[in-house]
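Trainee: Here it is, the structure in full.
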There are 2 protein chains.
Amino acid sequence: MITNNPVSLIRKKRDGDALSSDEIRWLIHEYTHDRIPDYQMASFLMAGYLNGLNAEEASALCDAMLHSGIVLDLSDIPGIKVDKHSTGGVGDKLSLILAPIVAACGVPVPMISGRGLGHSGGTLDKLESIPGFNVNLDLDRYREVLRAHNLVLIGQTEDIAPADKRMYALRDVTATVECIPFIAASIMSKKLAEGIDALVLDVKFGSGAFMKTEERALDLARTLVSIGEAAGKRTVAYLTNMDQPLGRAIGNWNEVRESIEVLQGGGPHDVRDLSLLLAGTMIHLGGKASSVEAGIAMGKARIADGSAFRCFVDVARAQDADVATLLAPDTYPTADVSMDVLAAQDGIVVGFDSYEIGMAGVELGAGRLKKEDSIDPTAGIELHVKLGSHVVAGDRLATLFTSLSKSASVRRISERIPRAIHLGNTAVKPVKQVTHVVNRDGVSLY
Amino acid sequence: MITNNPVSLIRKKRDGDALSSDEIRWLIHEYTHDRIPDYQMASFLMAGYLNGLNAEEASALCDAMLHSGIVLDLSDIPGIKVDKHSTGGVGDKLSLILAPIVAACGVPVPMISGRGLGHSGGTLDKLESIPGFNVNLDLDRYREVLRAHNLVLIGQTEDIAPADKRMYALRDVTATVECIPFIAASIMSKKLAEGIDALVLDVKFGSGAFMKTEERALDLARTLVSIGEAAGKRTVAYLTNMDQPLGRAIGNWNEVRESIEVLQGGGPHDVRDLSLLLAGTMIHLGGKASSVEAGIAMGKARIADGSAFRCFVDVARAQDADVATLLAPDTYPTADVSMDVLAAQDGIVVGFDSYEIGMAGVELGAGRLKKEDSIDPTAGIELHVKLGSHVVAGDRLATLFTSLSKSASVRRISERIPRAIHLGNTAVKPVKQVTHVVNRDGVSLY
């Protein structure tokens, strides 16, 4: 390990110069070992935020954060291990659908997911709405379930990328969160720690997404792919539109239920199409299909023959879930209150404020405003309209589900829904759900 | 006091927006009261370094730091109180000369000075080379000496601008020192705490100065004047050239001795001229002369009639000094070692590396490399050449004085001197010592 001076490295970044990979690694290593204080890292983070980090620096940052903790070695498990990561969006339940599809095609998916915070939900919270589902397996059981079912679904442990955890907490309080190289290094350090061989990324943009513009999403996608490929992992990113919520269900059990519908051959088209694209890409990267298109066809076949849904049920059972509700979703308890939100006028749905809809879901009990908040698995929103839907005054726009006891609170939330579903009187162009694909060869329009 | 969120203020500065004066004041107030942690201030400092602070923000920052501690009220002492501040340079002993000149003209000079750190010396260290000189007077004696002699010379106390002290320490370890609004607010917060009515600033540029370029020095001068005038104090700044050390003496007692020479009508021209310009400006601002030129003439008269030197001796005596050595400088102890540095070739002195010469002086014992280092009052350098001097091989370039016991160390230092005095073979243009004057009306060439 080289010896450096933190002030001279901060100065270098402040003056717009690039740090060497060794310098970045040294900085993160010393920070993680409490030999560089928060205030020096804070100053470095702001200098990096304002002056940027190049691809090599972002890779070194990711690598340093990755090696601050354990890196799983799954080389004893046969096959090309593939995972998927989404930057998060309202109604995004795709992991629940594509993971069993890909696993049913013989590609191992060692999936480590996060919880929801803010307006978009988290895969772990959705899984935990299934009674008994255990997302806290130890590493032996993690391997055992993966080996038996080609799929395992757990939460991030304390041992994975602790430097990322610490730096994220510091970024949060120093206004340095929204910086693409930091975001990319944070995402990739956790994903690379899973011991995967390839990764498919769903980078969302639009009102309901973390990246508000297509341009910034493309920047993030490029950085993510560059880090992944530099780490020797095949990495493909899709840019996808979050101008409307994905599917119709928002909430935890709601979304599990919609996922089951897709796995059983039904469900909303947008959810089904995007799940199949991502799954097809994973199947292709996993070496089980000669092209993405062949992978999609394979995925469809696994839905049709019931094996994808069977895989989901088997993994849930292997992870301690009582699968009765998966097999008969109607038996699941219902929310105390359900309330229809009606259209006040005729019109065509021309736009959504997905962020607002996501936040309404959170406030109904489907998510957390603070880390400590608990989640109501039955709370959420069912949308009855999508972009381009024609509505007549009195039609249902959405149904809200909640166990909030104060009817005034529910009414206040319900009043926000019509404002977040924009009605016009001209037909809308169909939205292009996927706009770009980014891989090691560069960026292409999709 | 308004309530703010530190993250939103950091974000504002990060995004290039200006903070309101209230927001700046809140930030500094909360930081000083330990309600904002170092890491948030570090992030703010870096955002400010890279995105800048406008004149209003710099004023608010200065004002907040000023009011973090005591602000002396000298309104019961008659007269317009005037002080001078220099950004520091090698051989800069001007305070010792101009303060008694101005005081002898009837303008009260309540001078609070700092210690040397790095390559340039500090007024306090020079004063303390006078046996017994006490720079730590309490506030009652401070007033008493000022009232009796129109002059008092002390060091900064813990009570003055504690926020500046804390922010300076943080800037030092977060690579955010060299930022003009921060530098200006730091300087002015300490000067305004003295209870002065007007201020003359000597902003130096060149190899031996903190500001390496004339452009940055001009920027700093403008900011200093704008803060001073916004605080209701008449403020005039001169831009002065530090491409060669000031005068011939570098060191502590060395410089006191050269100051006595000037106060007695002799001494090097550059020291004498600049002291008189700054003194004349102070006398004018102090209301005792109708113009700077009239002030200069008054100052010259106070040198000629001996009253300026007498004032210096009287103040030294009032501050507990044994003034025998001031009256008979040849009786001062000499350094253990003195060593001449000779020219190796013929030539004309075309340039100095003043920083190198300053650092050589520090290493001989005249300054500190670390805060804890002690100072040898007799150590230093006597230069025998100035820009434009013609030298013949074997001529003395400088004489070094030190009490370092290792002759190898002294030899190593002495070898650096010829490299810092550049000899050429073409005549040099005379250096313009003062290039600009900045006041409330703007910038003029001098």
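By order in the structure tokens, chains are A, B, ...; within a chain, residues start at 1; ligands start at 1, following the order shown.
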Residues of chain B within 7 Å of chain A, counting only C-alpha atoms, what are they? List them as number ranges by chain.
Mentor: B: 7, 10-11, 38-40, 42-43, 46-47, 173-175
Trainee: From the list A:Leu199, A:Ile183, A:Val349, A:Ile250, which residue is nearest Thr378 (chain A) when using only C-alpha atoms?
Mentor: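 Between A:Leu199, A:Ile183, A:Val349, A:Ile250, the residue approaching Thr378 (chain A) most closely is A:Ile250.
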Trainee: For region 228-233 of chain A, please output as number ranges by chain all residues within 9 Å (counting only C-alpha atoms; exclusion window: fewer than 2 positions along the same chain).
Mentor: A: 56, 59, 63, 188, 192, 196-199, 223-226, 235-236, 439-440
Trainee: Put those residues in a file: all heavy atoms, as a compact mmCIF listing (two decimals), in the first residue's frame.
Mentor:
# COMPACT_ATOMS: atom_id res chain seq x y z
N GLU A 56 -12.03 5.52 -15.14
CA GLU A 56 -11.03 4.75 -14.40
C GLU A 56 -11.15 5.02 -12.90
O GLU A 56 -11.06 4.10 -12.07
CB GLU A 56 -9.64 5.15 -14.90
CG GLU A 56 -8.56 4.15 -14.56
CD GLU A 56 -7.17 4.70 -14.89
OE1 GLU A 56 -7.05 5.44 -15.90
OE2 GLU A 56 -6.24 4.43 -14.13
N SER A 59 -14.20 3.24 -11.55
CA SER A 59 -13.91 1.80 -11.40
C SER A 59 -13.08 1.54 -10.15
O SER A 59 -13.34 0.60 -9.40
CB SER A 59 -13.12 1.29 -12.60
OG SER A 59 -13.98 0.97 -13.65
N ASP A 63 -14.12 -0.61 -6.98
CA ASP A 63 -13.28 -1.73 -6.58
C ASP A 63 -12.87 -1.61 -5.10
O ASP A 63 -12.89 -2.59 -4.35
CB ASP A 63 -12.03 -1.72 -7.48
CG ASP A 63 -11.22 -2.98 -7.31
OD1 ASP A 63 -11.77 -4.06 -7.54
OD2 ASP A 63 -10.04 -2.87 -6.90
N MET A 188 -22.58 -0.75 -8.15
CA MET A 188 -21.78 -1.86 -8.66
C MET A 188 -20.98 -2.55 -7.56
O MET A 188 -20.74 -3.75 -7.62
CB MET A 188 -20.86 -1.37 -9.78
CG MET A 188 -21.61 -0.89 -11.02
SD MET A 188 -22.68 -2.16 -11.80
CE MET A 188 -21.44 -3.18 -12.60
N LEU A 192 -21.26 -6.49 -7.50
CA LEU A 192 -20.07 -7.31 -7.78
C LEU A 192 -19.72 -8.18 -6.57
O LEU A 192 -19.11 -9.24 -6.73
CB LEU A 192 -18.88 -6.42 -8.17
CG LEU A 192 -19.06 -5.62 -9.47
CD1 LEU A 192 -17.85 -4.73 -9.73
CD2 LEU A 192 -19.29 -6.55 -10.67
N ILE A 196 -21.25 -12.56 -9.01
CA ILE A 196 -21.87 -12.80 -10.32
C ILE A 196 -20.84 -12.76 -11.44
O ILE A 196 -19.74 -12.25 -11.28
CB ILE A 196 -22.95 -11.73 -10.62
CG1 ILE A 196 -22.36 -10.32 -10.40
CG2 ILE A 196 -24.17 -11.95 -9.77
CD1 ILE A 196 -23.27 -9.20 -10.87
N ASP A 197 -21.26 -13.29 -12.59
CA ASP A 197 -20.42 -13.25 -13.79
C ASP A 197 -20.94 -12.24 -14.81
O ASP A 197 -20.20 -11.82 -15.70
CB ASP A 197 -20.39 -14.64 -14.45
CG ASP A 197 -19.92 -15.70 -13.47
OD1 ASP A 197 -18.80 -15.55 -12.95
OD2 ASP A 197 -20.69 -16.65 -13.19
N ALA A 198 -22.21 -11.89 -14.71
CA ALA A 198 -22.79 -10.95 -15.67
C ALA A 198 -23.95 -10.22 -15.00
O ALA A 198 -24.52 -10.71 -14.01
CB ALA A 198 -23.28 -11.68 -16.92
N LEU A 199 -24.29 -9.07 -15.57
CA LEU A 199 -25.30 -8.23 -14.93
C LEU A 199 -26.12 -7.48 -15.98
O LEU A 199 -25.57 -6.97 -16.96
CB LEU A 199 -24.58 -7.21 -14.02
CG LEU A 199 -25.46 -6.24 -13.22
CD1 LEU A 199 -26.33 -6.99 -12.21
CD2 LEU A 199 -24.58 -5.22 -12.49
N THR A 223 -21.64 4.68 -17.26
CA THR A 223 -20.67 4.51 -16.17
C THR A 223 -20.83 3.12 -15.54
O THR A 223 -19.83 2.46 -15.22
CB THR A 223 -20.88 5.62 -15.11
OG1 THR A 223 -20.90 6.88 -15.78
CG2 THR A 223 -19.77 5.63 -14.10
N LEU A 224 -22.06 2.69 -15.35
CA LEU A 224 -22.30 1.37 -14.77
C LEU A 224 -21.69 0.28 -15.65
O LEU A 224 -21.02 -0.64 -15.16
CB LEU A 224 -23.81 1.12 -14.63
CG LEU A 224 -24.53 1.94 -13.55
CD1 LEU A 224 -26.04 1.91 -13.77
CD2 LEU A 224 -24.19 1.43 -12.15
N VAL A 225 -21.93 0.37 -16.96
CA VAL A 225 -21.41 -0.65 -17.88
C VAL A 225 -19.89 -0.60 -17.89
O VAL A 225 -19.22 -1.65 -17.87
CB VAL A 225 -22.00 -0.45 -19.29
CG1 VAL A 225 -21.28 -1.34 -20.31
CG2 VAL A 225 -23.50 -0.75 -19.29
N SER A 226 -19.34 0.59 -17.87
CA SER A 226 -17.87 0.70 -17.91
C SER A 226 -17.25 0.09 -16.66
O SER A 226 -16.23 -0.60 -16.73
CB SER A 226 -17.48 2.16 -18.14
OG SER A 226 -16.61 2.63 -17.16
N THR A 235 -21.79 -6.79 -18.92
CA THR A 235 -22.79 -5.89 -18.35
C THR A 235 -23.58 -5.22 -19.46
O THR A 235 -23.00 -4.68 -20.40
CB THR A 235 -22.09 -4.80 -17.49
OG1 THR A 235 -21.18 -5.42 -16.60
CG2 THR A 235 -23.11 -3.99 -16.70
N VAL A 236 -24.89 -5.30 -19.38
CA VAL A 236 -25.76 -4.68 -20.37
C VAL A 236 -26.77 -3.82 -19.61
O VAL A 236 -27.36 -4.27 -18.63
CB VAL A 236 -26.51 -5.75 -21.20
CG1 VAL A 236 -27.49 -5.09 -22.18
CG2 VAL A 236 -25.51 -6.62 -21.95
N ASN A 439 -23.96 -1.38 -23.95
CA ASN A 439 -23.12 -2.52 -23.60
C ASN A 439 -21.67 -2.19 -23.90
O ASN A 439 -21.35 -1.03 -24.16
CB ASN A 439 -23.59 -3.79 -24.31
CG ASN A 439 -23.56 -3.63 -25.82
OD1 ASN A 439 -22.74 -2.86 -26.35
ND2 ASN A 439 -24.44 -4.32 -26.52
N ARG A 440 -20.79 -3.21 -23.85
CA ARG A 440 -19.36 -2.91 -24.02
C ARG A 440 -19.05 -2.32 -25.38
O ARG A 440 -18.00 -1.71 -25.57
CB ARG A 440 -18.53 -4.16 -23.75
CG ARG A 440 -18.84 -5.31 -24.69
CD ARG A 440 -18.00 -6.54 -24.31
NE ARG A 440 -18.40 -7.70 -25.11
CZ ARG A 440 -17.94 -8.92 -24.92
NH1 ARG A 440 -17.08 -9.17 -23.95
NH2 ARG A 440 -18.34 -9.92 -25.68
Trainee: What is the distance, in Å and to one decimal place, between CA of Ala360 (chain B) and CA of Glu372 (chain B)?
Mentor: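 Between CA of Ala360 (chain B) and CA of Glu372 (chain B) the gap works out to 18.5 Å.
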Trainee: For CA of Ile112 (chain A) and CA of Ser21 (chain A), quote the distance in Å rounded to one decimal.
Mentor: 27.2 Å
Trainee: Would you kindly return, as a list in words, each protein, DNA or RNA residue with an atom no farther than 12 Å from any atom of Val341 (chain B), considering only C-alpha atoms and excluding same-chain residues fewer than 3 positions away?
Mentor: Ser338, Ala344, Ile381, Glu382, Leu383, His384, Val385, Ala393, Gly394, Asp395, Arg396, Leu397, Ala398, Thr399, Leu400, Phe401, Val410, Arg411, Arg412, Ile413, Ser414, Glu415, Arg416, Ile417, Pro418, Arg419, Ala420 and Ile421 of chain B
Trainee: Store the residues of this selection in a file with C-alpha atoms, as a PDB file, in the first residue's frame.
Mentor:
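Result file follows (result_15.pdb):
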ATOM      1  CA  SER B 338      27.732  33.515  10.713  1.00  0.00           C
ATOM      2  CA  ALA B 344      30.396  31.801  -7.900  1.00  0.00           C
ATOM      3  CA  ILE B 381      19.860  36.177   6.623  1.00  0.00           C
ATOM      4  CA  GLU B 382      21.406  39.470   5.612  1.00  0.00           C
ATOM      5  CA  LEU B 383      21.172  40.000   1.857  1.00  0.00           C
ATOM      6  CA  HIS B 384      23.969  41.998   0.288  1.00  0.00           C
ATOM      7  CA  VAL B 385      22.315  42.280  -3.114  1.00  0.00           C
ATOM      8  CA  ALA B 393      32.644  36.192  -8.521  1.00  0.00           C
ATOM      9  CA  GLY B 394      33.647  36.058  -4.865  1.00  0.00           C
ATOM     10  CA  ASP B 395      31.377  38.948  -3.784  1.00  0.00           C
ATOM     11  CA  ARG B 396      29.156  38.276  -0.787  1.00  0.00           C
ATOM     12  CA  LEU B 397      25.561  37.536  -1.831  1.00  0.00           C
ATOM     13  CA  ALA B 398      24.321  37.029   1.730  1.00  0.00           C
ATOM     14  CA  THR B 399      25.410  36.295   5.259  1.00  0.00           C
ATOM     15  CA  LEU B 400      23.647  33.575   7.205  1.00  0.00           C
ATOM     16  CA  PHE B 401      23.224  33.704  10.988  1.00  0.00           C
ATOM     17  CA  VAL B 410      24.207  24.976   7.748  1.00  0.00           C
ATOM     18  CA  ARG B 411      26.261  24.137   4.653  1.00  0.00           C
ATOM     19  CA  ARG B 412      23.289  22.423   3.053  1.00  0.00           C
ATOM     20  CA  ILE B 413      21.113  25.503   3.689  1.00  0.00           C
ATOM     21  CA  SER B 414      23.841  27.846   2.424  1.00  0.00           C
ATOM     22  CA  GLU B 415      24.012  25.948  -0.857  1.00  0.00           C
ATOM     23  CA  ARG B 416      20.376  26.846  -1.548  1.00  0.00           C
ATOM     24  CA  ILE B 417      21.006  30.598  -1.425  1.00  0.00           C
ATOM     25  CA  PRO B 418      22.919  31.002  -4.721  1.00  0.00           C
ATOM     26  CA  ARG B 419      20.202  28.986  -6.469  1.00  0.00           C
ATOM     27  CA  ALA B 420      17.587  31.432  -5.124  1.00  0.00           C
ATOM     28  CA  ILE B 421      19.454  34.527  -6.332  1.00  0.00           C
TER      29      ILE B 421
END
Trainee: For CA of Asn150 (chain B) and CA of Val437 (chain B), determine how far apart the two atoms are, in Å to one decimal place.
Mentor: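 Separation between CA of Asn150 (chain B) and CA of Val437 (chain B): 26.4 Å.
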Trainee: With a distance cut-off of 10 Å and only C-alpha atoms, select the neighbouring residues of Pro100 (chain A), excluding the residue or stretch itself and same-chain residues fewer than 2 positions from it, and output the selection as an MDAnalysis selection string.
Mentor: chainID A and resid 95:98 102:109 149:152 263 279 299 302:303 307:315
